[in-house]
$ cat start.cif   # mmCIF, C-alpha atoms
data_my_file
#
loop_
_atom_site.group_PDB
_atom_site.id
_atom_site.type_symbol
_atom_site.label_atom_id
_atom_site.label_comp_id
_atom_site.auth_asym_id
_atom_site.auth_seq_id
_atom_site.Cartn_x
_atom_site.Cartn_y
_atom_site.Cartn_z
ATOM 1 C CA MET E 1265 40.236 20.379 -34.260
ATOM 2 C CA SER E 1266 40.461 16.857 -32.945
ATOM 3 C CA ALA E 1267 39.618 17.915 -29.387
ATOM 4 C CA GLN E 1268 36.656 19.969 -30.645
ATOM 5 C CA LYS E 1269 35.265 16.957 -32.484
ATOM 6 C CA THR E 1270 35.613 14.663 -29.460
ATOM 7 C CA ALA E 1271 33.706 17.039 -27.190
ATOM 8 C CA THR E 1272 30.942 17.435 -29.754
ATOM 9 C CA ASP E 1273 30.628 13.688 -30.141
ATOM 10 C CA THR E 1274 29.963 13.246 -26.399
ATOM 11 C CA ILE E 1275 27.126 15.775 -26.241
ATOM 12 C CA ARG E 1276 23.796 13.974 -26.298
ATOM 13 C CA PRO E 1277 20.185 15.122 -26.300
ATOM 14 C CA ARG E 1278 18.383 14.651 -22.969
ATOM 15 C CA LEU E 1279 15.063 12.948 -23.646
ATOM 16 C CA PRO E 1280 12.122 13.941 -21.403
ATOM 17 C CA TRP E 1281 10.148 10.824 -22.346
ATOM 18 C CA LEU E 1282 13.074 8.607 -21.330
ATOM 19 C CA ALA E 1283 13.430 10.413 -17.997
ATOM 20 C CA ALA E 1284 9.719 9.894 -17.329
ATOM 21 C CA LEU E 1285 9.896 6.236 -18.375
ATOM 22 C CA LEU E 1286 12.841 5.573 -16.078
ATOM 23 C CA SER E 1287 10.946 7.207 -13.202
ATOM 24 C CA LEU E 1288 7.930 5.042 -13.953
ATOM 25 C CA VAL E 1289 10.044 1.884 -13.909
ATOM 26 C CA PHE E 1290 11.870 2.767 -10.683
ATOM 27 C CA PRO E 1291 11.389 5.838 -8.456
ATOM 28 C CA GLY E 1292 14.331 8.231 -8.621
ATOM 29 C CA LEU E 1293 15.871 6.693 -11.731
ATOM 30 C CA GLY E 1294 14.729 9.602 -13.894
ATOM 31 C CA GLN E 1295 16.480 12.053 -11.556
ATOM 32 C CA LEU E 1296 19.632 9.945 -11.798
ATOM 33 C CA TYR E 1297 19.408 10.161 -15.595
ATOM 34 C CA ASN E 1298 19.123 13.946 -15.274
ATOM 35 C CA GLY E 1299 22.333 14.079 -13.223
ATOM 36 C CA GLU E 1300 20.587 14.704 -9.873
ATOM 37 C CA PRO E 1301 21.649 11.811 -7.582
ATOM 38 C CA ASN E 1302 20.684 13.664 -4.394
ATOM 39 C CA ARG E 1303 17.178 14.341 -5.668
ATOM 40 C CA ALA E 1304 16.982 10.750 -6.894
ATOM 41 C CA ALA E 1305 17.723 9.517 -3.367
ATOM 42 C CA TRP E 1306 14.974 11.687 -1.856
ATOM 43 C CA VAL E 1307 12.394 10.534 -4.403
ATOM 44 C CA PHE E 1308 13.332 6.903 -3.804
ATOM 45 C CA MET E 1309 13.083 7.234 -0.023
ATOM 46 C CA GLY E 1310 9.829 9.177 -0.317
ATOM 47 C CA CYS E 1311 8.306 6.220 -2.145
ATOM 48 C CA VAL E 1312 9.774 3.439 -0.013
ATOM 49 C CA LEU E 1313 9.644 4.756 3.558
ATOM 50 C CA PRO E 1314 5.830 5.096 3.749
ATOM 51 C CA VAL E 1315 5.380 1.579 2.352
ATOM 52 C CA LEU E 1316 7.850 -0.652 4.224
ATOM 53 C CA PRO E 1317 8.788 0.877 7.592
ATOM 54 C CA GLY E 1318 5.556 2.861 7.426
ATOM 55 C CA PHE E 1319 3.602 -0.407 7.484
ATOM 56 C CA ALA E 1320 5.323 -1.548 10.685
ATOM 57 C CA LEU E 1321 5.089 1.918 12.265
ATOM 58 C CA VAL E 1322 1.352 2.248 11.652
ATOM 59 C CA LEU E 1323 0.615 -1.185 13.110
ATOM 60 C CA GLU E 1324 2.738 -0.410 16.172
ATOM 61 C CA VAL E 1325 1.273 3.037 16.887
ATOM 62 C CA PHE E 1326 -2.346 3.044 15.714
ATOM 63 C CA PRO E 1327 -5.066 0.653 16.930
ATOM 64 C CA ALA E 1328 -7.296 -1.314 14.565
ATOM 65 C CA PRO E 1329 -9.217 -0.465 12.477
ATOM 66 C CA ASP E 1330 -7.738 3.063 12.371
ATOM 67 C CA ASN E 1331 -4.329 1.691 11.387
ATOM 68 C CA LEU E 1332 -5.660 0.527 8.008
ATOM 69 C CA GLN E 1333 -6.969 4.005 7.218
ATOM 70 C CA VAL E 1334 -3.690 5.607 8.265
ATOM 71 C CA TYR E 1335 -1.697 3.136 6.175
ATOM 72 C CA LEU E 1336 -3.897 3.909 3.184
ATOM 73 C CA LEU E 1337 -2.839 7.547 3.583
ATOM 74 C CA PHE E 1338 0.789 6.391 3.663
ATOM 75 C CA LEU E 1339 0.264 4.490 0.404
ATOM 76 C CA LEU E 1340 -1.336 7.540 -1.195
ATOM 77 C CA LEU E 1341 1.651 9.613 -0.054
ATOM 78 C CA ALA E 1342 4.063 7.138 -1.637
ATOM 79 C CA ALA E 1343 2.052 7.194 -4.880
ATOM 80 C CA ALA E 1344 2.050 11.005 -4.858
ATOM 81 C CA VAL E 1345 5.834 11.097 -4.424
ATOM 82 C CA TRP E 1346 6.238 8.609 -7.268
ATOM 83 C CA LEU E 1347 4.035 10.733 -9.525
ATOM 84 C CA TYR E 1348 5.925 13.865 -8.489
ATOM 85 C CA GLY E 1349 9.217 12.150 -9.326
ATOM 86 C CA LEU E 1350 7.928 11.202 -12.778
ATOM 87 C CA ILE E 1351 6.714 14.729 -13.580
ATOM 88 C CA ASP E 1352 9.835 16.319 -12.096
ATOM 89 C CA ALA E 1353 12.132 14.098 -14.168
ATOM 90 C CA TRP E 1354 10.216 14.857 -17.363
ATOM 91 C CA ARG E 1355 10.200 18.636 -16.783
ATOM 92 C CA ASP E 1356 13.829 18.764 -15.642
ATOM 93 C CA ALA E 1357 14.948 16.841 -18.732
ATOM 94 C CA GLY E 1358 13.090 19.359 -20.884
ATOM 95 C CA ARG E 1359 14.952 22.238 -19.238
ATOM 96 C CA LYS E 1360 18.297 20.547 -19.926
ATOM 97 C CA PRO E 1361 17.951 19.445 -23.558
ATOM 98 C CA ASP E 1362 21.624 18.686 -24.219
ATOM 99 C CA PHE E 1363 24.183 17.243 -21.836
ATOM 100 C CA MET E 1364 27.591 15.670 -21.681
ATOM 101 C CA PRO E 1365 27.232 12.362 -19.789
ATOM 102 C CA ARG E 1366 29.384 11.915 -16.727
ATOM 103 C CA HIS E 1367 31.374 8.739 -16.294
ATOM 104 C CA TRP E 1368 28.623 7.146 -14.172
ATOM 105 C CA GLN E 1369 25.699 8.094 -16.422
ATOM 106 C CA GLY E 1370 24.983 5.047 -18.527
ATOM 107 C CA ALA E 1371 22.758 2.017 -18.899
ATOM 108 C CA GLY E 1372 25.084 -0.112 -16.772
ATOM 109 C CA THR E 1373 24.835 2.261 -13.802
ATOM 110 C CA TYR E 1374 21.058 2.489 -14.061
ATOM 111 C CA LEU E 1375 20.698 -1.290 -14.270
ATOM 112 C CA LEU E 1376 23.077 -1.802 -11.343
ATOM 113 C CA THR E 1377 21.077 0.696 -9.261
ATOM 114 C CA VAL E 1378 17.828 -1.145 -9.944
ATOM 115 C CA LEU E 1379 19.403 -4.522 -9.162
ATOM 116 C CA LEU E 1380 21.053 -3.363 -5.930
ATOM 117 C CA LEU E 1381 18.004 -1.565 -4.598
ATOM 118 C CA GLY E 1382 15.154 -3.496 -6.206
ATOM 119 C CA GLU E 1383 16.616 -6.995 -5.906
ATOM 120 C CA GLY E 1384 18.852 -6.522 -2.866
ATOM 121 C CA VAL E 1385 18.018 -3.781 -0.376
ATOM 122 C CA LEU E 1386 14.223 -3.785 -0.689
ATOM 123 C CA PRO E 1387 13.722 -7.587 -0.527
ATOM 124 C CA ALA E 1388 16.100 -7.831 2.456
ATOM 125 C CA TRP E 1389 14.288 -4.997 4.226
ATOM 126 C CA SER E 1390 10.906 -6.558 3.490
ATOM 127 C CA ALA E 1391 12.102 -9.976 4.689
ATOM 128 C CA HIS E 1392 13.329 -8.463 7.955
ATOM 129 C CA ILE E 1393 9.919 -6.889 8.605
ATOM 130 C CA ARG E 1394 8.103 -10.130 7.772
ATOM 131 C CA GLN E 1395 10.389 -12.185 10.003
ATOM 132 C CA HIS E 1396 10.632 -9.924 13.041
ATOM 133 C CA GLN E 1397 7.706 -7.476 12.985
ATOM 134 C CA PHE E 1398 4.596 -8.072 10.883
ATOM 135 C CA GLU E 1399 3.513 -10.247 7.993
ATOM 136 C CA LEU E 1400 0.399 -10.566 5.854
ATOM 137 C CA MET E 1401 -1.049 -14.057 5.453
ATOM 138 C CA ARG E 1402 -4.053 -15.466 3.633
ATOM 139 C CA ILE E 1403 -6.443 -17.949 5.265
ATOM 140 C CA PRO E 1404 -6.719 -20.960 2.918
ATOM 141 C CA SER E 1405 -9.478 -23.016 4.562
ATOM 142 C CA ALA E 1406 -12.569 -23.004 6.773
ATOM 143 C CA SER E 1407 -10.905 -24.577 9.832
ATOM 144 C CA MET E 1408 -11.112 -21.324 11.844
ATOM 145 C CA GLU E 1409 -14.699 -20.394 10.984
ATOM 146 C CA PRO E 1410 -16.623 -18.436 12.069
ATOM 147 C CA GLN E 1411 -13.798 -16.161 13.311
ATOM 148 C CA LEU E 1412 -11.781 -16.482 10.099
ATOM 149 C CA VAL E 1413 -13.076 -17.533 6.694
ATOM 150 C CA ALA E 1414 -11.197 -18.726 3.645
ATOM 151 C CA GLY E 1415 -9.896 -15.719 1.744
ATOM 152 C CA ASP E 1416 -9.271 -13.502 4.770
ATOM 153 C CA ILE E 1417 -5.953 -11.650 4.632
ATOM 154 C CA ILE E 1418 -4.684 -11.105 8.152
ATOM 155 C CA VAL E 1419 -1.864 -9.229 9.879
ATOM 156 C CA VAL E 1420 0.401 -11.518 11.881
ATOM 157 C CA ASP E 1421 2.432 -10.087 14.757
ATOM 158 C CA LYS E 1422 5.903 -11.656 14.526
ATOM 159 C CA SER E 1423 7.269 -9.906 17.632
ATOM 160 C CA TYR E 1424 5.486 -12.568 19.669
ATOM 161 C CA ASN E 1425 6.787 -15.630 21.500
ATOM 162 C CA CYS E 1426 10.404 -14.840 20.664
ATOM 163 C CA PRO E 1427 13.548 -14.095 22.720
ATOM 164 C CA GLY E 1428 13.261 -10.583 24.110
ATOM 165 C CA CYS E 1429 9.637 -10.186 23.034
ATOM 166 C CA GLY E 1430 7.265 -8.790 25.623
ATOM 167 C CA GLU E 1431 4.245 -10.893 24.674
ATOM 168 C CA LYS E 1432 4.159 -14.608 25.320
ATOM 169 C CA VAL E 1433 1.682 -17.264 24.218
ATOM 170 C CA GLY E 1434 -1.636 -16.880 26.019
ATOM 171 C CA TYR E 1435 -4.985 -18.625 26.257
ATOM 172 C CA GLY E 1436 -7.307 -17.936 23.356
ATOM 173 C CA ASP E 1437 -4.587 -16.496 21.121
ATOM 174 C CA ILE E 1438 -4.912 -17.295 17.427
ATOM 175 C CA VAL E 1439 -1.403 -18.418 16.548
ATOM 176 C CA ILE E 1440 0.534 -19.322 13.420
ATOM 177 C CA PHE E 1441 2.878 -22.269 13.869
ATOM 178 C CA ALA E 1442 4.910 -24.786 11.917
ATOM 179 C CA TYR E 1443 2.813 -27.822 11.006
ATOM 180 C CA PRO E 1444 4.382 -30.757 12.908
ATOM 181 C CA ASN E 1445 4.304 -33.079 9.881
ATOM 182 C CA ASP E 1446 5.748 -30.442 7.524
ATOM 183 C CA PRO E 1447 7.638 -27.608 9.292
ATOM 184 C CA GLY E 1448 7.738 -25.587 6.086
ATOM 185 C CA MET E 1449 3.946 -25.198 6.187
ATOM 186 C CA ASN E 1450 2.147 -22.648 8.370
ATOM 187 C CA TYR E 1451 -0.954 -23.659 10.335
ATOM 188 C CA ILE E 1452 -3.301 -21.350 12.214
ATOM 189 C CA LYS E 1453 -5.284 -22.437 15.298
ATOM 190 C CA ARG E 1454 -6.407 -21.154 18.686
ATOM 191 C CA VAL E 1455 -4.471 -21.854 21.895
ATOM 192 C CA ILE E 1456 -6.606 -23.832 24.346
ATOM 193 C CA GLY E 1457 -4.091 -25.296 26.798
ATOM 194 C CA LEU E 1458 -0.561 -24.463 27.985
ATOM 195 C CA PRO E 1459 2.084 -26.632 29.691
ATOM 196 C CA GLY E 1460 0.687 -28.594 32.634
ATOM 197 C CA ASP E 1461 -2.964 -27.907 31.792
ATOM 198 C CA ARG E 1462 -5.520 -30.682 31.700
ATOM 199 C CA VAL E 1463 -7.699 -30.250 28.615
ATOM 200 C CA ARG E 1464 -10.886 -32.273 28.340
ATOM 201 C CA MET E 1465 -13.849 -32.278 25.982
ATOM 202 C CA ARG E 1466 -17.041 -34.122 26.757
ATOM 203 C CA ALA E 1467 -20.196 -33.997 24.608
ATOM 204 C CA GLY E 1468 -19.090 -30.781 22.945
ATOM 205 C CA ARG E 1469 -18.197 -29.002 26.194
ATOM 206 C CA LEU E 1470 -14.574 -27.939 26.625
ATOM 207 C CA TYR E 1471 -12.907 -28.001 30.067
ATOM 208 C CA LEU E 1472 -9.584 -26.570 31.191
ATOM 209 C CA ASN E 1473 -8.248 -27.799 34.528
ATOM 210 C CA GLY E 1474 -11.770 -28.840 35.482
ATOM 211 C CA ASN E 1475 -13.342 -25.471 34.637
ATOM 212 C CA ALA E 1476 -15.779 -25.273 31.731
ATOM 213 C CA LEU E 1477 -14.720 -22.958 28.901
ATOM 214 C CA THR E 1478 -18.080 -23.513 27.223
ATOM 215 C CA ARG E 1479 -20.534 -20.820 28.293
ATOM 216 C CA GLN E 1480 -23.426 -21.382 25.909
ATOM 217 C CA GLN E 1481 -24.559 -23.961 23.365
ATOM 218 C CA ASN E 1482 -27.099 -23.375 20.603
ATOM 219 C CA ARG E 1483 -28.340 -25.981 18.144
ATOM 220 C CA GLN E 1484 -28.961 -24.873 14.585
ATOM 221 C CA ASP E 1485 -31.382 -26.576 12.232
ATOM 222 C CA ALA E 1486 -28.951 -27.055 9.342
ATOM 223 C CA GLY E 1487 -27.371 -30.465 9.789
ATOM 224 C CA GLY E 1488 -27.432 -30.383 13.592
ATOM 225 C CA LEU E 1489 -24.735 -27.717 13.734
ATOM 226 C CA GLN E 1490 -23.751 -26.680 17.252
ATOM 227 C CA THR E 1491 -22.690 -23.079 17.911
ATOM 228 C CA VAL E 1492 -20.668 -22.816 21.107
ATOM 229 C CA LEU E 1493 -19.552 -19.718 23.011
ATOM 230 C CA GLU E 1494 -16.285 -20.320 24.866
ATOM 231 C CA GLN E 1495 -14.404 -18.054 27.243
ATOM 232 C CA GLN E 1496 -11.075 -18.103 29.059
ATOM 233 C CA GLY E 1497 -10.277 -15.050 31.158
ATOM 234 C CA GLU E 1498 -11.098 -11.881 29.228
ATOM 235 C CA LYS E 1499 -11.100 -13.621 25.846
ATOM 236 C CA SER E 1500 -14.170 -15.219 24.320
ATOM 237 C CA TRP E 1501 -14.827 -16.799 20.944
ATOM 238 C CA VAL E 1502 -17.414 -18.791 19.013
ATOM 239 C CA ALA E 1503 -16.759 -22.371 17.925
ATOM 240 C CA ILE E 1504 -18.890 -24.653 15.763
ATOM 241 C CA TRP E 1505 -19.034 -28.441 15.577
ATOM 242 C CA LYS E 1506 -21.204 -31.368 14.569
ATOM 243 C CA PRO E 1507 -21.821 -34.385 16.799
ATOM 244 C CA ASP E 1508 -21.286 -36.633 13.760
ATOM 245 C CA GLY E 1509 -18.245 -34.721 12.481
ATOM 246 C CA ASN E 1510 -15.102 -36.408 11.191
ATOM 247 C CA ARG E 1511 -12.885 -35.231 14.071
ATOM 248 C CA PRO E 1512 -12.765 -36.927 17.509
ATOM 249 C CA LEU E 1513 -14.807 -34.850 19.944
ATOM 250 C CA ASP E 1514 -14.236 -36.445 23.344
ATOM 251 C CA PHE E 1515 -10.700 -36.447 24.775
ATOM 252 C CA ASP E 1516 -8.851 -35.964 28.046
ATOM 253 C CA LEU E 1517 -5.133 -35.160 28.235
ATOM 254 C CA THR E 1518 -2.473 -33.145 30.065
ATOM 255 C CA VAL E 1519 -0.352 -30.754 28.001
ATOM 256 C CA PRO E 1520 3.358 -31.697 28.245
ATOM 257 C CA SER E 1521 6.038 -29.224 29.298
ATOM 258 C CA GLY E 1522 7.073 -26.770 26.580
ATOM 259 C CA GLN E 1523 3.987 -27.472 24.468
ATOM 260 C CA ALA E 1524 0.542 -26.061 23.754
ATOM 261 C CA PHE E 1525 -2.797 -27.617 22.849
ATOM 262 C CA VAL E 1526 -4.407 -25.889 19.857
ATOM 263 C CA MET E 1527 -7.774 -26.296 18.147
ATOM 264 C CA GLY E 1528 -9.567 -24.830 15.176
ATOM 265 C CA ASP E 1529 -12.820 -23.007 15.896
ATOM 266 C CA ASN E 1530 -14.543 -25.116 13.237
ATOM 267 C CA ARG E 1531 -14.206 -28.280 15.287
ATOM 268 C CA ALA E 1532 -15.635 -30.703 12.720
ATOM 269 C CA PHE E 1533 -13.361 -29.520 9.897
ATOM 270 C CA SER E 1534 -10.058 -28.799 11.621
ATOM 271 C CA SER E 1535 -6.904 -30.871 11.810
ATOM 272 C CA ASP E 1536 -5.432 -29.771 15.132
ATOM 273 C CA SER E 1537 -3.978 -31.110 18.397
ATOM 274 C CA ARG E 1538 -6.751 -33.704 18.499
ATOM 275 C CA VAL E 1539 -5.074 -35.217 15.428
ATOM 276 C CA PHE E 1540 -1.340 -34.408 15.609
ATOM 277 C CA GLY E 1541 -1.060 -33.783 19.348
ATOM 278 C CA PRO E 1542 0.159 -30.732 21.281
ATOM 279 C CA ILE E 1543 2.659 -28.500 19.479
ATOM 280 C CA SER E 1544 6.006 -27.208 20.689
ATOM 281 C CA LEU E 1545 5.896 -23.594 21.873
ATOM 282 C CA ASN E 1546 9.103 -23.030 19.911
ATOM 283 C CA THR E 1547 7.265 -23.664 16.643
ATOM 284 C CA ILE E 1548 4.797 -20.802 17.177
ATOM 285 C CA ARG E 1549 5.783 -18.072 14.701
ATOM 286 C CA GLY E 1550 3.282 -15.303 15.358
ATOM 287 C CA ARG E 1551 -0.155 -14.195 16.504
ATOM 288 C CA ALA E 1552 -3.051 -13.143 14.285
ATOM 289 C CA MET E 1553 -3.950 -9.496 14.966
ATOM 290 C CA GLU E 1554 -6.616 -8.295 12.556
ATOM 291 C CA ILE E 1555 -8.247 -8.817 9.190
ATOM 292 C CA VAL E 1556 -6.963 -6.476 6.483
ATOM 293 C CA LEU E 1557 -9.058 -7.643 3.545
ATOM 294 C CA SER E 1558 -11.286 -10.561 2.647
ATOM 295 C CA TYR E 1559 -12.247 -12.116 -0.674
ATOM 296 C CA ASN E 1560 -14.375 -15.250 -0.751
ATOM 297 C CA ARG E 1561 -16.090 -16.195 -3.997
ATOM 298 C CA SER E 1562 -18.670 -18.416 -2.309
ATOM 299 C CA LEU E 1563 -19.691 -15.499 -0.060
ATOM 300 C CA GLY E 1564 -20.066 -13.108 -2.984
ATOM 301 C CA GLY E 1565 -16.526 -11.842 -3.550
ATOM 302 C CA LEU E 1566 -14.990 -8.920 -1.697
ATOM 303 C CA GLN E 1567 -16.084 -8.761 1.962
ATOM 304 C CA LEU E 1568 -15.328 -5.158 2.929
ATOM 305 C CA GLN E 1569 -17.268 -5.433 6.187
ATOM 306 C CA ARG E 1570 -14.600 -7.816 7.497
ATOM 307 C CA SER E 1571 -11.737 -5.354 6.999
ATOM 308 C CA GLY E 1572 -10.343 -3.974 10.236
ATOM 309 C CA GLN E 1573 -11.807 -6.664 12.491
ATOM 310 C CA VAL E 1574 -9.616 -7.181 15.550
ATOM 311 C CA LEU E 1575 -8.909 -10.824 16.346
ATOM 312 C CA PRO E 1576 -9.160 -11.841 20.021
#
$ encode --input "start.cif" --output "structure tokens"
Amino acid sequence: MSAQKTATDTIRPRLPWLAALLSLVFPGLGQLYNGEPNRAAWVFMGCVLPVLPGFALVLEVFPAPDNLQVYLLFLLLAAAVWLYGLIDAWRDAGRKPDFMPRHWQGAGTYLLTVLLLGEGVLPAWSAHIRQHQFELMRIPSASMEPQLVAGDIIVVDKSYNCPGCGEKVGYGDIVIFAYPNDPGMNYIKRVIGLPGDRVRMRAGRLYLNGNALTRQQNRQDAGGLQTVLEQQGEKSWVAIWKPDGNRPLDFDLTVPSGQAFVMGDNRAFSSDSRVFGPISLNTIRGRAMEIVLSYNRSLGGLQLQRSGQVLP
């Protein structure tokens, strides 16, 4: 009689709404509640793999702007798997109305699973991708206009200028580096000169080792704004400046060994190597690849036409 009572006391109703809620909170948790750890693992991986490693894979394999469309499909796949996991957990719980909990089926196990995966594995995985592969960054100012505007969200290639990386710092690259006066802050500028180069600017014309980078100058009516087309090798870009701007225009210097000379494309509103000097190549953390999304309130909000633009 005593044994019969103990067994009856441990039988509990399986709640479909709770299984669905757990799946909504964390993918696979509803399957774990239903006593299906293997299925829980597949649902979890089906939601995570397209989002984290899928992001790096798409950027590696597909060229812009196609990679954004492919990644959107990956996100839709992850959402579909999450929805499937929710429905599956709810239906499976309904088919198994009563159950005797195993020793690992309890609130403590569920909470530990969420903490280990949600606060341990996933953040570490995401940090690894951001540090060694790709990272999303938001442009905070107008110093790189017209190429980049405030509110642009860009993809930064972190497998750049690092030990064992195939791609080194090159002329015209838009790079992210540690601000010399505050290494914890990221700055973004364009590489103009490399070690040993003589960089000179005279009357708005930029010279590298005696050769003019400036190909064309156009004067605009609004405030005497100068639009300048510059080119180095196969890369070309547009820079803007004002003769009466608040940044020194004329300079002449030689880039020291192990350093690079960087400038913002918006020459009158950029704090760059004209102000803080050449930067160490070791402080360059990545290269800007493309624009993912752009939101600028002064330009009218969401700028969908900028999405997918490849950065030279």
$ resolve_selection --input "start.cif" --expression "the PyMOL selection byres ((chain E and resi 1356) around 12)" --output "VMD selection string"
chain E and resid 1278 to 1284 1294 to 1300 1303 1348 to 1355 1357 to 1362
$ write_last_selection --input "start.cif" --atoms "C-alpha atoms" --output "short mmCIF file (atom, residue, chain, number, x, y, z; two decimals), keeping the file's coordinate frame"
data_model
loop_
_atom_site.label_atom_id
_atom_site.label_comp_id
_atom_site.auth_asym_id
_atom_site.auth_seq_id
_atom_site.Cartn_x
_atom_site.Cartn_y
_atom_site.Cartn_z
CA ARG E 1278 18.38 14.65 -22.97
CA LEU E 1279 15.06 12.95 -23.65
CA PRO E 1280 12.12 13.94 -21.40
CA TRP E 1281 10.15 10.82 -22.35
CA LEU E 1282 13.07 8.61 -21.33
CA ALA E 1283 13.43 10.41 -18.00
CA ALA E 1284 9.72 9.89 -17.33
CA GLY E 1294 14.73 9.60 -13.89
CA GLN E 1295 16.48 12.05 -11.56
CA LEU E 1296 19.63 9.94 -11.80
CA TYR E 1297 19.41 10.16 -15.60
CA ASN E 1298 19.12 13.95 -15.27
CA GLY E 1299 22.33 14.08 -13.22
CA GLU E 1300 20.59 14.70 -9.87
CA ARG E 1303 17.18 14.34 -5.67
CA TYR E 1348 5.92 13.86 -8.49
CA GLY E 1349 9.22 12.15 -9.33
CA LEU E 1350 7.93 11.20 -12.78
CA ILE E 1351 6.71 14.73 -13.58
CA ASP E 1352 9.84 16.32 -12.10
CA ALA E 1353 12.13 14.10 -14.17
CA TRP E 1354 10.22 14.86 -17.36
CA ARG E 1355 10.20 18.64 -16.78
CA ALA E 1357 14.95 16.84 -18.73
CA GLY E 1358 13.09 19.36 -20.88
CA ARG E 1359 14.95 22.24 -19.24
CA LYS E 1360 18.30 20.55 -19.93
CA PRO E 1361 17.95 19.44 -23.56
CA ASP E 1362 21.62 18.69 -24.22
#
$ resolve_selection --input "start.cif" --expression "the PyMOL selection byres ((chain E and resi 1474) around 12)" --output "list in words"
Asp1461, Arg1462, Val1463, Arg1464, Met1465, Arg1466, Arg1469, Leu1470, Tyr1471, Leu1472, Asn1473, Asn1475, Ala1476, Leu1477, Thr1478, Asp1516, Leu1517 and Thr1518 of chain E
$ write_last_selection --input "start.cif" --atoms "C-alpha atoms" --output "PDB file, in the coordinates of the input"
ATOM      1  CA  ASP E1461      -2.964 -27.907  31.792  1.00  0.00           C
ATOM      2  CA  ARG E1462      -5.520 -30.682  31.700  1.00  0.00           C
ATOM      3  CA  VAL E1463      -7.699 -30.250  28.615  1.00  0.00           C
ATOM      4  CA  ARG E1464     -10.886 -32.273  28.340  1.00  0.00           C
ATOM      5  CA  MET E1465     -13.849 -32.278  25.982  1.00  0.00           C
ATOM      6  CA  ARG E1466     -17.041 -34.122  26.757  1.00  0.00           C
ATOM      7  CA  ARG E1469     -18.197 -29.002  26.194  1.00  0.00           C
ATOM      8  CA  LEU E1470     -14.574 -27.939  26.625  1.00  0.00           C
ATOM      9  CA  TYR E1471     -12.907 -28.001  30.067  1.00  0.00           C
ATOM     10  CA  LEU E1472      -9.584 -26.570  31.191  1.00  0.00           C
ATOM     11  CA  ASN E1473      -8.248 -27.799  34.528  1.00  0.00           C
ATOM     12  CA  ASN E1475     -13.342 -25.471  34.637  1.00  0.00           C
ATOM     13  CA  ALA E1476     -15.779 -25.273  31.731  1.00  0.00           C
ATOM     14  CA  LEU E1477     -14.720 -22.958  28.901  1.00  0.00           C
ATOM     15  CA  THR E1478     -18.080 -23.513  27.223  1.00  0.00           C
ATOM     16  CA  ASP E1516      -8.851 -35.964  28.046  1.00  0.00           C
ATOM     17  CA  LEU E1517      -5.133 -35.160  28.235  1.00  0.00           C
ATOM     18  CA  THR E1518      -2.473 -33.145  30.065  1.00  0.00           C
TER      19      THR E1518
END
$ resolve_selection --input "start.cif" --expression "the PyMOL selection byres ((chain E and resi 1540) around 12)" --output "ChimeraX atom specification"
/E:1443-1446,1451,1511-1512,1524-1527,1534-1539,1541-1544
$ atom_distance --input "start.cif" --atom1 "CA of Gln1523 (chain E)" --atom2 "CA of Val1439 (chain E)"
13.2 Å
$ residues_around --input "start.cif" --residues "Val1334 (chain E)" --least-positions-apart "2" --cutoff "12 Å" --atoms "all atoms listed in the file" --output "PyMOL selection string"
chain E and resi 1314-1315+1318-1332+1336-1341+1572
$ closest_residue --input "start.cif" --among "E:Leu1313, E:Asp1416, E:Gln1395, E:Val1519" --to "Val1455 (chain E)" --atoms "all atoms listed in the file"
E:Val1519
$ closest_residue --input "start.cif" --among "E:Leu1557, E:Leu1380, E:Ala1467, E:Leu1400" --to "Asp1514 (chain E)" --atoms "only C-alpha atoms"
E:Ala1467
$ atom_distance --input "start.cif" --atom1 "CA of Lys1432 (chain E)" --atom2 "CA of Arg1531 (chain E)"
25.0 Å
$ axis_aligned_box --input "start.cif" --around "region 1327-1346 of chain E" --padding-each-side "8 Å" --output "AutoDock Vina command-line options"
--center_x -1.5 --center_y 4.9 --center_z 4.8 --size_x 31.5 --size_y 28.4 --size_z 40.2
$ atom_distance --input "start.cif" --atom1 "CA of Gly1372 (chain E)" --atom2 "CA of Asn1302 (chain E)"
19.0 Å
$ closest_residue --input "start.cif" --among "E:Ala1532, E:Val1378, E:Ala1414, E:Ala1342" --to "Arg1561 (chain E)" --atoms "only C-alpha atoms"
E:Ala1414
$ build_atoms --input "start.cif" --residues "region 1352-1358 of chain E" --atoms "N, CA and C atoms" --output "PDB file, in the frame of the given file"
ATOM      1  N   ASP E1352       8.617  15.536 -12.306  1.00  0.00           N
ATOM      2  CA  ASP E1352       9.835  16.319 -12.096  1.00  0.00           C
ATOM      3  C   ASP E1352      10.938  15.895 -13.054  1.00  0.00           C
ATOM      4  N   ALA E1353      11.098  14.584 -13.255  1.00  0.00           N
ATOM      5  CA  ALA E1353      12.132  14.098 -14.168  1.00  0.00           C
ATOM      6  C   ALA E1353      11.844  14.535 -15.598  1.00  0.00           C
ATOM      7  N   TRP E1354      10.595  14.455 -16.002  1.00  0.00           N
ATOM      8  CA  TRP E1354      10.216  14.857 -17.363  1.00  0.00           C
ATOM      9  C   TRP E1354      10.458  16.347 -17.589  1.00  0.00           C
ATOM     10  N   ARG E1355      10.034  17.187 -16.635  1.00  0.00           N
ATOM     11  CA  ARG E1355      10.200  18.636 -16.783  1.00  0.00           C
ATOM     12  C   ARG E1355      11.667  19.033 -16.702  1.00  0.00           C
ATOM     13  N   ASP E1356      12.417  18.419 -15.791  1.00  0.00           N
ATOM     14  CA  ASP E1356      13.829  18.764 -15.642  1.00  0.00           C
ATOM     15  C   ASP E1356      14.619  18.379 -16.885  1.00  0.00           C
ATOM     16  N   ALA E1357      14.275  17.241 -17.493  1.00  0.00           N
ATOM     17  CA  ALA E1357      14.948  16.841 -18.732  1.00  0.00           C
ATOM     18  C   ALA E1357      14.649  17.819 -19.856  1.00  0.00           C
ATOM     19  N   GLY E1358      13.436  18.371 -19.870  1.00  0.00           N
ATOM     20  CA  GLY E1358      13.090  19.359 -20.884  1.00  0.00           C
ATOM     21  C   GLY E1358      13.846  20.664 -20.725  1.00  0.00           C
TER      22      GLY E1358
END
